[in-house]
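Written below as structure tokens is the structure these notes are about.
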Amino acid sequence: MVDSTMPVDPAAAVGKNARAGDALVARLIAGAVILCGWEIVVRLSAPAFVAKPSTIAMAIPRVLVDPAFLASAAATLAGVVEGLAIALVVGTIIGLAIGRSRLVDVTLRLYVNIFYALPMLVVVPLFALWFGYTGAARLVTVVFASVFSIIVNVADGARAVPQEYVEVARSFRAAPLRSLFDVVLPASTPYLLAGLRLAAGRALIGAVVAEFITAVSGIGYFILYNSRTYHESEAFVGVLVLAGFGVGFDSLVGWCTRRFLPWYRRDRGA
């Protein structure tokens, strides 16, 4: 582990800050060019109801204070968080079992790969029939969409744990189950975090797809309804909020990584 008390090279710090500033300026310029191009193209060649940056900007304050939209956003976020929590627990347990047991790996890996590759549009109508056109169908869809990313990554992480770690635990007479959760799981944490990041994006997609098909309250249904009633600027606000959810969760995982796993990807600033 790197000693946090080691002196920092001022020249290196200045160079790092300069590179970060240059990257920020480049991103802002690219964003401005994209928005200006979007605005010009829509004004010149698209119908009046097509969303453009200026109308979206005017719609943002109106939508964000709308109680119906806030209720929809809360319903989607609650479903995603609940589904991710379930997927995290179930996926971690199954992933550890697949990664450390040859028998479980042979038995389950094929089915995990099959379900992981299934498009959500195929399974959501089935979930709607089984669980009704309610929030339960959205929850099941979120779990289905996210759990396999966690399983695959945790299994790879458990399989990559050096055998020496397990042998040291055995030499101290640690029970197999305790070695699994005290040695294998902590060593697999980087893989778990990578899987959680992938799962979060898939969970948002699953929630929106479920809301499209089942018409339950949520941002997905808000976007669908406003798009079909030619309120595209309002619909784009919902899209931006979904993007904000995704970026915010990714930033939260990155912060937790830096805060609780300072040894992991330190040189990349994860």
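Letters A, B, ... go to the chains of the structure tokens in the order shown; residues in each chain start at 1; ligands are counted from 1 in the same order.
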Residues of range 194-224 of chain A within 12 Å of range 82-85 of chain A: nearest atom pair and distance (Å, one decimal) for each, counting only C-alpha atoms, sorted by chain and number, as CSV?
residue,atom,partner,partner_atom,distance
A:Gly195,CA,A:Leu84,CA,11.2
A:Leu196,CA,A:Leu84,CA,8.4
A:Arg197,CA,A:Leu84,CA,10.5
A:Leu198,CA,A:Leu84,CA,11.0
A:Ala199,CA,A:Leu84,CA,7.5
A:Ala200,CA,A:Leu84,CA,7.0
A:Gly201,CA,A:Leu84,CA,10.3
A:Arg202,CA,A:Leu84,CA,9.8
A:Ala203,CA,A:Leu84,CA,7.0
A:Leu204,CA,A:Leu84,CA,9.7
A:Gly206,CA,A:Gly83,CA,10.1
A:Ala207,CA,A:Gly83,CA,9.3
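Those residues that approach range 88-93 of chain A to within 8 Å, counting only C-alpha atoms, are Leu84, Ala97, Val147, Phe148, Ile150, Ile151, Val154, Leu192 and Leu196 of chain A; same-chain residues fewer than 4 positions away are not listed.
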Serialized selection, N, CA and C atoms, as a short mmCIF file (atom, residue, chain, number, x, y, z; two decimals), in the first residue's frame:
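Contents of out-v3.cif, as written:
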data_model
loop_
_atom_site.label_atom_id
_atom_site.label_comp_id
_atom_site.auth_asym_id
_atom_site.auth_seq_id
_atom_site.Cartn_x
_atom_site.Cartn_y
_atom_site.Cartn_z
N LEU A 84 -31.76 -3.43 -7.63
CA LEU A 84 -30.31 -3.57 -7.56
C LEU A 84 -29.87 -4.21 -6.24
N ALA A 97 -20.45 -18.90 -5.71
CA ALA A 97 -20.60 -20.35 -5.85
C ALA A 97 -20.07 -20.83 -7.20
N VAL A 147 -28.98 -8.77 -12.48
CA VAL A 147 -28.34 -9.80 -11.65
C VAL A 147 -27.25 -10.54 -12.40
N PHE A 148 -27.40 -10.74 -13.71
CA PHE A 148 -26.44 -11.58 -14.43
C PHE A 148 -25.10 -10.87 -14.64
N ILE A 150 -23.73 -9.02 -12.39
CA ILE A 150 -23.06 -9.23 -11.11
C ILE A 150 -22.56 -10.67 -10.99
N ILE A 151 -23.39 -11.62 -11.40
CA ILE A 151 -23.00 -13.02 -11.32
C ILE A 151 -21.72 -13.28 -12.13
N VAL A 154 -18.61 -11.38 -10.52
CA VAL A 154 -18.18 -11.96 -9.24
C VAL A 154 -17.59 -13.35 -9.46
N LEU A 192 -16.60 -7.16 -8.39
CA LEU A 192 -17.97 -6.87 -7.96
C LEU A 192 -18.36 -5.45 -8.30
N LEU A 196 -21.31 -4.21 -10.68
CA LEU A 196 -22.36 -3.33 -10.16
C LEU A 196 -22.56 -2.12 -11.08
#
**Request:** Can you work out the spacing between CA of Val253 in chain A and CA of Val81 in chain A in Å, to one decimal?
**Result:** 13.5 Å
**Request:** Might you pull out every residue within 10 Å of Val104 in chain A, with only C-alpha atoms counted and same-chain residues fewer than 6 positions away left off, and present them as a ChimeraX atom specification?
**Result:** /A:94-98
Take the residues from that selection and write them out as a PDB file, in the first residue's frame, keeping C-alpha atoms.
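Now in out-v5.pdb:
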ATOM      1  CA  ILE A  94     -24.420 -17.244  -7.019  1.00  0.00           C
ATOM      2  CA  GLY A  95     -21.258 -15.702  -8.476  1.00  0.00           C
ATOM      3  CA  LEU A  96     -19.144 -16.873  -5.545  1.00  0.00           C
ATOM      4  CA  ALA A  97     -20.599 -20.355  -5.851  1.00  0.00           C
ATOM      5  CA  ILE A  98     -19.879 -20.506  -9.594  1.00  0.00           C
TER       6      ILE A  98
END
**Item:** Gap from CA of Trp255 in chain A to CA of Thr189 in chain A - Å, one decimal
**Value:** 14.5 Å
